[in-house]
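Notes to accompany the following structure.
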Amino acid sequence: MCNKLVNIPLQSRFIDMERDLLAETVGEQKFKNRERRRKIIFQFLENVNALKNEGGGCVFVHADNPHLLGLFDEQVDDKLKQMITDDSFFHDNFERHMSDKKHIIYRVVRICPYLSTFSFNSKVSLNKGLDEPTHYQMRQLLNTVSNRASKSSSAATSTGTRFKFRLNEEVTTPMCVFSEDVSTQAKSIPLDKMPYRGGIQRQTANAEIQQLADYMWKQVSLPHYITAFSKLKDGGSVYFGLKEKKTEVVQQWKYTGKEIKGVLKIVDENWKIWEDKTNKYVVKKGTSVPEIPGREYEQRPRKWESVDPDTVKHLFSVSDPAWTVWKDEEDTKSVFYLAKESDVPVLKECKTGEFICTGVCLSSDQQHALREEILRRVQTEMLWLSKSRIQDPLDVLYRPVDNGGVDVCVIEVAVKMLDGICFYDKDGPVAYRFKPGLEKVDITKWVTNQKGTIIRQTPVFSSHRR
């Protein structure tokens with residue numbers, strides 16, 4: 001039945017999708033399902049990518065629930081679209097069918113002239129952040145290396161000298177305020193990642209620098225920004241030690257009466273129930289409409305603790321056990337929040353686009369050690385391709401902070417345009433074929449298939465003047 005329906009006997013792959021695995025659940029099961037779903041979706045996409053590079057074929061997915069087909073599409077469509085190597089339409093490349101209400105059949109029907117890449121492991125930059133490059137963009141980069149070489153500067157272009165950094169004040173320039181854009185990003189560093197606490201240097205200096213480097217490299221994804229900024233004509237910079245102001249959205253509340261049917265009932269007449277547009281509830285004393293005030297960056301976030309319903313039963317009673325009462329530790333007497341399924345209340349915040357200089361406290365020795373560690377990872381944990389020697393593709397610079405003391409600085413990682421392409425994974429881009437099992441395409445074959453001529457290089461860095 002399946003063969004007649006899809007009419008492609010070239011390659012067939014079978015993936016078993018557990019019953020209702022795509023459906024959302026709660027609690028621990030939700031986490032377990034999410035992890036299994038991620039692995040199965042990943043396996044499905046790997047097989048489709050290999051079929052795309054091996055003449056086409058079919059992937060049979062046992063879903064056992066046809067009503068979840070839309071959820072499956074949401075999980076895979078964007079990634080499938082990224083595997084198309086030319087300007088053809090999605091429907092010209094892939095077909096989806098249902099068979100006997102138990103199988104999703106994906107048919108790979110169009111083979112493109114270039115190798116289809118599963119993941120480039122390289123980014124491009126937008127004003128709002130990072131994005132995935134297209135096959136066309138990557139081929140253009142591979143085939144225009146010689147033209148880019150003459151435009152690439154000999155050193156990383158720093159923009160840090162334009163900005164005025166003053167501790168706990170907004171970052172400014174002579175002409176305007178600091179803002180993020182296609183070539184500029186600002187990142188804060190949590191206190192627990194700082195090598196100093198309370199102005200006292202801890203004894204585990206090397207371990208602290210490793211922890212800070214790990215945070216910059218893994219949690220902030222510094223290599224992703226390096227790959228993106230290296231594609232820009234003038235390069236770009238990531239600043240560490242800046243924090244964006246945020247304000248809480250003032251929610252529009254409406255009075256709902258003395259009872260939420262089946263959930264809550266007011267006992268004390270002085271208390272009222274209010275509801276906002278997102279179906280969140282607040283139980284508040286008095287008649288004024290609840291407002292959540294905006295808070296500046298330096299104020300700590302609210303901390304919530306669950307309340308035993310028996311302790312507030314003289315005010316209101318909660319009859320549905322799925323709803324939990326929470327109180328803010330800063331305001332324990334006049335406002336309570338209700339949340340379903342025991343989720344801690346999260347008040348929505350919006351970004352202001354204004355950045356405060358919080359700085360990083362690093363001695364000169366620590367600055368040197370951090371720079372050496374970042375440059376070491378650039379050499380060993382990334383892949384660099386170019387026709388020629390790669391000299392100083394980036395630098396780690398330290399910008400002084402006014403009124404911050406001798407060791408307080410803003411870290412700037414300045415990246416220049418690269419005569420080539422770099423990848424944030426040392427194995428480079430990922431593309432699959434069947435040999436006969438699933439196998440990654442070697443980087444040399446990948447470059448050759450894209451009509452490129454660049455080769456693997458290891459970046460060389462100039463010595464650092466301390």
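Please note that chains go A, B, ... in the order of the structure tokens, that every chain numbers its residues from 1, and that ligands are numbered from 1 in the order shown.
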Each residue of stretch 210-237 of chain A with at least one atom at most 10 Å from stretch 115-126 of chain A should appear once, together with its nearest atom pair and the corresponding distance in Å (one decimal); atoms considered: only C-alpha atoms; ordering: chain, then increasing residue number; output as JSON lines.
{"residue": "A:Pro223", "atom": "CA", "partner": "A:Ser122", "partner_atom": "CA", "distance": 8.8}
{"residue": "A:His224", "atom": "CA", "partner": "A:Lys123", "partner_atom": "CA", "distance": 6.0}
{"residue": "A:Tyr225", "atom": "CA", "partner": "A:Lys123", "partner_atom": "CA", "distance": 7.2}
{"residue": "A:Ile226", "atom": "CA", "partner": "A:Lys123", "partner_atom": "CA", "distance": 8.5}
{"residue": "A:Thr227", "atom": "CA", "partner": "A:Ser122", "partner_atom": "CA", "distance": 5.6}
{"residue": "A:Ala228", "atom": "CA", "partner": "A:Val124", "partner_atom": "CA", "distance": 4.3}
{"residue": "A:Phe229", "atom": "CA", "partner": "A:Ser125", "partner_atom": "CA", "distance": 6.8}
{"residue": "A:Ser230", "atom": "CA", "partner": "A:Val124", "partner_atom": "CA", "distance": 9.0}
{"residue": "A:Lys231", "atom": "CA", "partner": "A:Val124", "partner_atom": "CA", "distance": 7.2}
{"residue": "A:Leu232", "atom": "CA", "partner": "A:Ser125", "partner_atom": "CA", "distance": 8.3}
{"residue": "A:Gly236", "atom": "CA", "partner": "A:Ser125", "partner_atom": "CA", "distance": 9.7}
Can you tell me, as a PyMOL selection string, what residues are no more than 9 Å from A:Lys387 when counting only C-alpha atoms, ignoring any on the same chain fewer than 2 positions away? chain A and resi 145-146+385+389-390+419-420+453-457
For the residues in that selection, give me C-alpha atoms as a short mmCIF file (atom, residue, chain, number, x, y, z; two decimals), in the first residue's frame.
data_model
loop_
_atom_site.label_atom_id
_atom_site.label_comp_id
_atom_site.auth_asym_id
_atom_site.auth_seq_id
_atom_site.Cartn_x
_atom_site.Cartn_y
_atom_site.Cartn_z
CA VAL A 145 36.95 34.47 -0.93
CA SER A 146 39.51 36.11 -3.21
CA LEU A 385 38.64 27.61 6.20
CA ARG A 389 47.06 32.14 6.47
CA ILE A 390 44.56 33.49 9.02
CA ASP A 419 38.97 35.86 4.17
CA GLY A 420 37.09 32.54 4.28
CA THR A 453 38.68 25.79 -3.00
CA ILE A 454 39.51 26.91 0.53
CA ILE A 455 41.27 24.63 2.99
CA ARG A 456 41.48 24.11 6.77
CA GLN A 457 43.62 26.68 8.58
#
Check stretch 183-246 of chain A with DSSP on the backbone and list each residue it calls helix (DSSP H, G or I), as an MDAnalysis selection string. chainID A and resid 191:193 205:219 222:229
A:Ile105 surroundings by only C-alpha atoms, 7 Å radius, close-in-sequence under 4 positions cut, as a list in words: Cys58, Val59, Phe60, Val61, Arg96, His97 and Met98 of chain A
Could you write out that same residue set with C-alpha atoms as a PDB file, in the first residue's frame?
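Output saved as part.pdb:
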ATOM      1  CA  CYS A  58      10.857   7.710   1.698  1.00  0.00           C
ATOM      2  CA  VAL A  59      10.842   7.993   5.471  1.00  0.00           C
ATOM      3  CA  PHE A  60       8.026   6.149   7.232  1.00  0.00           C
ATOM      4  CA  VAL A  61       7.137   7.589  10.636  1.00  0.00           C
ATOM      5  CA  ARG A  96       3.741  14.092   2.987  1.00  0.00           C
ATOM      6  CA  HIS A  97       1.064  11.371   3.057  1.00  0.00           C
ATOM      7  CA  MET A  98      -0.850   9.387   5.652  1.00  0.00           C
TER       8      MET A  98
END
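Excluding A:Lys164 and any residue on its chain fewer than 4 positions from it, the residues at most 7 Å away by only C-alpha atoms are Val171, Thr172 and Thr173 of chain A.
Across the structure, atom CA of A:Thr444 and atom CA of A:Ala431 are spaced 12.0 Å apart.
Proximity to A:Asp268 was assessed for A:Leu80, A:Val312, A:Val238, A:Cys361 counting only C-alpha atoms; the smallest distance is recorded for A:Val312.
With only C-alpha atoms as the basis for measurement, A:Met417 is the residue among A:Leu191, A:Val282, A:Val460, A:Met417 that approaches A:Gly235 most closely.
Using only C-alpha atoms for every distance, the candidate list A:Tyr136, A:Lys265, A:Ile356, A:Phe336 yields A:Lys265 as the residue closest to A:Ser319.
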So, with only C-alpha atoms as the atoms that count, which of A:Ser188, A:Asn206, A:Thr144, A:Ser183 lies closest to A:Leu370? A:Asn206
From the options A:Asp320, A:Glu170, A:Glu46, A:Asp92, which residue's atoms come nearest to A:Gly359, counting only C-alpha atoms? A:Glu170
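Our summary of the geometry notes that atom CA of A:Ser386 is positioned 11.8 Å from atom CA of A:Phe423.
Using only C-alpha atoms for every distance, the candidate list A:Tyr239, A:Phe163, A:Trp323, A:Phe44 yields A:Phe44 as the residue closest to A:Gln75.
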